[in-house]
Amino acid sequence: MATRWGICSAGKISHDFSVALRTLSPEDHEIVAVAARDLQHAEEFAKKHNIPRAYGSYDELANAPDIDVVYVGTIHPYHLTAGKLFMKSKKNVLIEKPLAMNSREVEELITAARDNSVFLMEAIWTRFFPVSLEVRRLLGQGEVGEVQMVRADLGAPLTHIPRFSEKNLGGGALLDLGIYSLQFILMVFNGERPESIHTTGHCIDTGVDGTAVLVLKFSGNRLAISTCSITMMLSCEAVITGTKGTIKVPNNMWCPTSLELNGKEMQFSLPEPGMPLNLKNSTGLRYEAEEVRHCLLKGLKESPGMPWAHSSLAAELIDEARRQLGVTYEQDNIQ
């Protein structure tokens with residue numbers, strides 16, 4: 001039986017996610033409904049993607065009886081309320097990154113998943129690309145020896161886009177881009193908590209972080225550097241340095257299609273989309289959807305590849321990085 005999806009929000013990332021789902025077998029994945037805050041917008045999205053039902057409110061989607069899991073593609077500040085709404089209605093949820101605005105909200109979502117006995121996963125799609133699976137395999141087999149240093153960069157000039165630059169929309173480099181580089185590092189170190197974190201960078205005139213550089217020290221003098229920016233183009237690559245060699249994920253570490261092991265390149269192709277996409281390599285969203293289906297079939301409440309502990313730790317580290325940079329959101333002041 002197909003996993004029946006509901007789509008929450010009819011924006012650009014929801015479009016790409018829907019296109020990615022269509023690259024999978026309809027016997028495994030089916031989109032049955034979409035909801036937006038504006039019914040006309042939802043109806044237009046439904047027509048474009050051949051989705052049977054459109055709703056003009058998230059409550060209607062939450063109350064729909066024939067949905068197994070909801071993909072939440074809203075902007076960051078709405079992740080908490082939308083996620084709790086659907087989980088209260090016993091819906092499993094896949095929530096776009098970052099899971100929430102801060103660590104307190106992340107814990108609220110995890111508690112809601114436990115209380116309602118539903119599946120919850122942060123949509124860090126990078127974790128499930130074939131490249132990332134290969135990286136984990138190579139590390140597990142000790143191909144580069146003991147990891148000594150990890151560097152992950154992601155940045156582009158994006159301040160002209162409101163959701164990246166405006167504080168009330170959850171803007172800032174850390175929440176939007178830094179989450180990828182940080183989660184790559186946590187993947188390599190198996191979710192280990194660093195001994196220390198030192199952050200430097202700068203804020204733009206809207207009060208959000210424009211560029212942030214995080215230096216993380218792990219046990220045994222192992223180091224990691226996470227760099228993110230919405231003001232400049234960075235290399236957008238990740239490099240893992242071990243005692244026996246190096247793994248490099250070039251160009252697109254957030255949606256990777258190649259890696260280099262000690263200079264030897266490996267390529268991994270993606271399926272072609274059925275219609276134009278908004279973001280590069282977005283058919284790769286299919287891999288996180290497949291992970292959700294596999295977890296639901298096994299009766300799991302969290303993904304082994306993207307566990308709640310990794311989401312919690314990343315949120316805590318970003319909170320601390322923001323504290324060191326002096327970046328706060330209204331959500332931080334809610335007790």
# chains A, B, ... in the order shown; residues from 1 in each chain; ligands from 1

call {"tool": "select_by_dssp", "arguments": {"residues": "stretch 141-322 of chain A", "states": "strand (DSSP E)", "output": "ChimeraX atom specification"}}
result
/A:147-155,196-203,209-218,222-229,238-242,246-249,258-261,264-267

call {"tool": "residues_around", "arguments": {"residues": "A:Gln331", "least_positions_apart": "2", "cutoff": "12 Å", "atoms": "only C-alpha atoms", "output": "list in words"}}
result
His76, Pro77, Tyr78, His79, Leu80, Thr81, Ala100, Met101, Asn102, Ser103, Arg104, Glu105, Val106, Lys167, Asn168, Leu169, Gly170, Asp319, Val327, Thr328, Tyr329, Asn333, Ile334 and Gln335 of chain A

call {"tool": "closest_residue", "arguments": {"among": "A:Leu285, A:Leu138, A:Ala212, A:Leu99", "to": "A:Leu234", "atoms": "only C-alpha atoms"}}
result
A:Ala212

call {"tool": "atom_distance", "arguments": {"atom1": "atom CA of A:Asn262", "atom2": "atom CA of A:Val239"}}
result
10.8 Å

call {"tool": "atom_distance", "arguments": {"atom1": "atom CA of A:Gly299", "atom2": "atom CA of A:Met187"}}
result
23.3 Å

call {"tool": "residues_around", "arguments": {"residues": "stretch 10-14 of chain A", "least_positions_apart": "2", "cutoff": "7 Å", "atoms": "only C-alpha atoms", "output": "list of chain:residue names"}}
result
A:Ile7, A:Cys8, A:Asp16, A:Phe17, A:Ser18, A:Ala35, A:Ala36, A:His41, A:Ala42, A:Phe45, A:Gly73, A:Asn278

call {"tool": "residues_around", "arguments": {"residues": "stretch 26-30 of chain A", "least_positions_apart": "6", "cutoff": "7 Å", "atoms": "only C-alpha atoms", "output": "PyMOL selection string"}}
result
chain A and resi 1-5

call {"tool": "atom_distance", "arguments": {"atom1": "atom CA of A:Ile95", "atom2": "atom CA of A:Ala64"}}
result
18.3 Å

call {"tool": "residues_around", "arguments": {"residues": "A:Lys301", "least_positions_apart": "2", "cutoff": "9 Å", "atoms": "only C-alpha atoms", "output": "ChimeraX atom specification"}}
result
/A:92,113-114,117-121,295-296,299,303

call {"tool": "write_last_selection", "arguments": {"atoms": "N, CA and C atoms", "output": "JSON list (two decimals), in the first residue's frame"}}
result
[["chain", "number", "residue", "atom", "x", "y", "z"],
["A", 92, "ASN", "N", 1.84, 11.50, 11.30],
["A", 92, "ASN", "CA", 3.28, 11.49, 11.25],
["A", 92, "ASN", "C", 3.74, 12.73, 10.48],
["A", 113, "ALA", "N", 5.79, 14.38, 19.63],
["A", 113, "ALA", "CA", 5.89, 13.10, 18.91],
["A", 113, "ALA", "C", 5.78, 11.93, 19.88],
["A", 114, "ARG", "N", 6.47, 12.05, 21.02],
["A", 114, "ARG", "CA", 6.40, 10.98, 22.03],
["A", 114, "ARG", "C", 5.00, 10.87, 22.61],
["A", 117, "SER", "N", 2.69, 9.42, 20.05],
["A", 117, "SER", "CA", 3.19, 8.18, 19.47],
["A", 117, "SER", "C", 3.17, 8.22, 17.94],
["A", 118, "VAL", "N", 3.80, 9.28, 17.38],
["A", 118, "VAL", "CA", 3.87, 9.44, 15.93],
["A", 118, "VAL", "C", 5.32, 9.61, 15.50],
["A", 119, "PHE", "N", 5.54, 9.46, 14.22],
["A", 119, "PHE", "CA", 6.86, 9.61, 13.63],
["A", 119, "PHE", "C", 7.16, 11.09, 13.40],
["A", 120, "LEU", "N", 8.39, 11.49, 13.69],
["A", 120, "LEU", "CA", 8.84, 12.86, 13.46],
["A", 120, "LEU", "C", 10.26, 12.82, 12.92],
["A", 121, "MET", "N", 10.51, 13.58, 11.85],
["A", 121, "MET", "CA", 11.86, 13.69, 11.32],
["A", 121, "MET", "C", 12.10, 15.08, 10.77],
["A", 295, "CYS", "N", 10.74, 3.85, 7.53],
["A", 295, "CYS", "CA", 10.56, 3.94, 8.98],
["A", 295, "CYS", "C", 9.12, 3.63, 9.37],
["A", 296, "LEU", "N", 8.16, 4.15, 8.62],
["A", 296, "LEU", "CA", 6.75, 3.89, 8.94],
["A", 296, "LEU", "C", 6.42, 2.41, 8.78],
["A", 299, "GLY", "N", 7.47, 0.65, 11.76],
["A", 299, "GLY", "CA", 6.87, 1.09, 13.01],
["A", 299, "GLY", "C", 7.77, 1.98, 13.84],
["A", 303, "SER", "N", 13.99, 8.36, 12.75],
["A", 303, "SER", "CA", 14.86, 7.76, 11.74],
["A", 303, "SER", "C", 16.23, 7.46, 12.32]]

call {"tool": "closest_atom_pairs", "arguments": {"of": "stretch 195-311 of chain A", "to": "stretch 143-156 of chain A", "cutoff": "10 Å", "atoms": "only C-alpha atoms", "output": "Markdown table"}}
result
| residue | atom | partner | partner_atom | distance |
| --- | --- | --- | --- | --- |
| A:Gly210 | CA | A:Gly155 | CA | 9.7 |
| A:Thr211 | CA | A:Gly155 | CA | 8.3 |
| A:Ala212 | CA | A:Gly155 | CA | 10.0 |
| A:Val213 | CA | A:Asp153 | CA | 9.1 |
| A:Val215 | CA | A:Arg151 | CA | 9.4 |
| A:Leu216 | CA | A:Val150 | CA | 9.5 |
| A:Lys217 | CA | A:Met149 | CA | 9.5 |
| A:Phe218 | CA | A:Gln148 | CA | 9.4 |
| A:Gly220 | CA | A:Gln148 | CA | 8.7 |
| A:Asn221 | CA | A:Gln148 | CA | 7.7 |
| A:Arg222 | CA | A:Gln148 | CA | 4.8 |
| A:Leu223 | CA | A:Met149 | CA | 4.8 |
| A:Ala224 | CA | A:Val150 | CA | 4.5 |
| A:Ile225 | CA | A:Arg151 | CA | 4.8 |
| A:Ser226 | CA | A:Ala152 | CA | 5.1 |
| A:Thr227 | CA | A:Asp153 | CA | 4.7 |
| A:Cys228 | CA | A:Leu154 | CA | 4.9 |
| A:Ser229 | CA | A:Gly155 | CA | 4.4 |
| A:Ile230 | CA | A:Ala156 | CA | 5.3 |
| A:Thr231 | CA | A:Ala156 | CA | 6.2 |
| A:Met232 | CA | A:Ala156 | CA | 4.9 |
| A:Met233 | CA | A:Ala156 | CA | 4.0 |
| A:Leu234 | CA | A:Gly155 | CA | 4.8 |
| A:Ser235 | CA | A:Asp153 | CA | 6.2 |
| A:Cys236 | CA | A:Leu154 | CA | 4.3 |
| A:Glu237 | CA | A:Asp153 | CA | 5.6 |
| A:Ala238 | CA | A:Ala152 | CA | 4.2 |
| A:Val239 | CA | A:Arg151 | CA | 5.2 |
| A:Ile240 | CA | A:Val150 | CA | 4.6 |
| A:Thr241 | CA | A:Met149 | CA | 5.1 |
| A:Gly242 | CA | A:Val147 | CA | 4.1 |
| A:Thr243 | CA | A:Gly145 | CA | 4.9 |
| A:Lys244 | CA | A:Val144 | CA | 4.5 |
| A:Gly245 | CA | A:Val144 | CA | 4.4 |
| A:Thr246 | CA | A:Val144 | CA | 5.9 |
| A:Ile247 | CA | A:Val144 | CA | 7.4 |
| A:Lys248 | CA | A:Arg151 | CA | 9.5 |
| A:Val249 | CA | A:Ala152 | CA | 9.1 |
| A:Asn251 | CA | A:Leu154 | CA | 9.2 |
| A:Asn252 | CA | A:Leu154 | CA | 8.3 |
| A:Met253 | CA | A:Leu154 | CA | 7.6 |
| A:Trp254 | CA | A:Leu154 | CA | 7.7 |
| A:Leu261 | CA | A:Val144 | CA | 8.4 |
| A:Asn262 | CA | A:Val144 | CA | 8.4 |

call {"tool": "select_by_dssp", "arguments": {"residues": "stretch 127-206 of chain A", "states": "alpha helix (DSSP H)", "output": "number ranges by chain"}}
result
A: 130-140, 162-165, 173, 179-188

call {"tool": "closest_residue", "arguments": {"among": "A:Gln183, A:Thr200, A:Ser9, A:Ser25", "to": "A:Tyr58", "atoms": "only C-alpha atoms"}}
result
A:Ser9
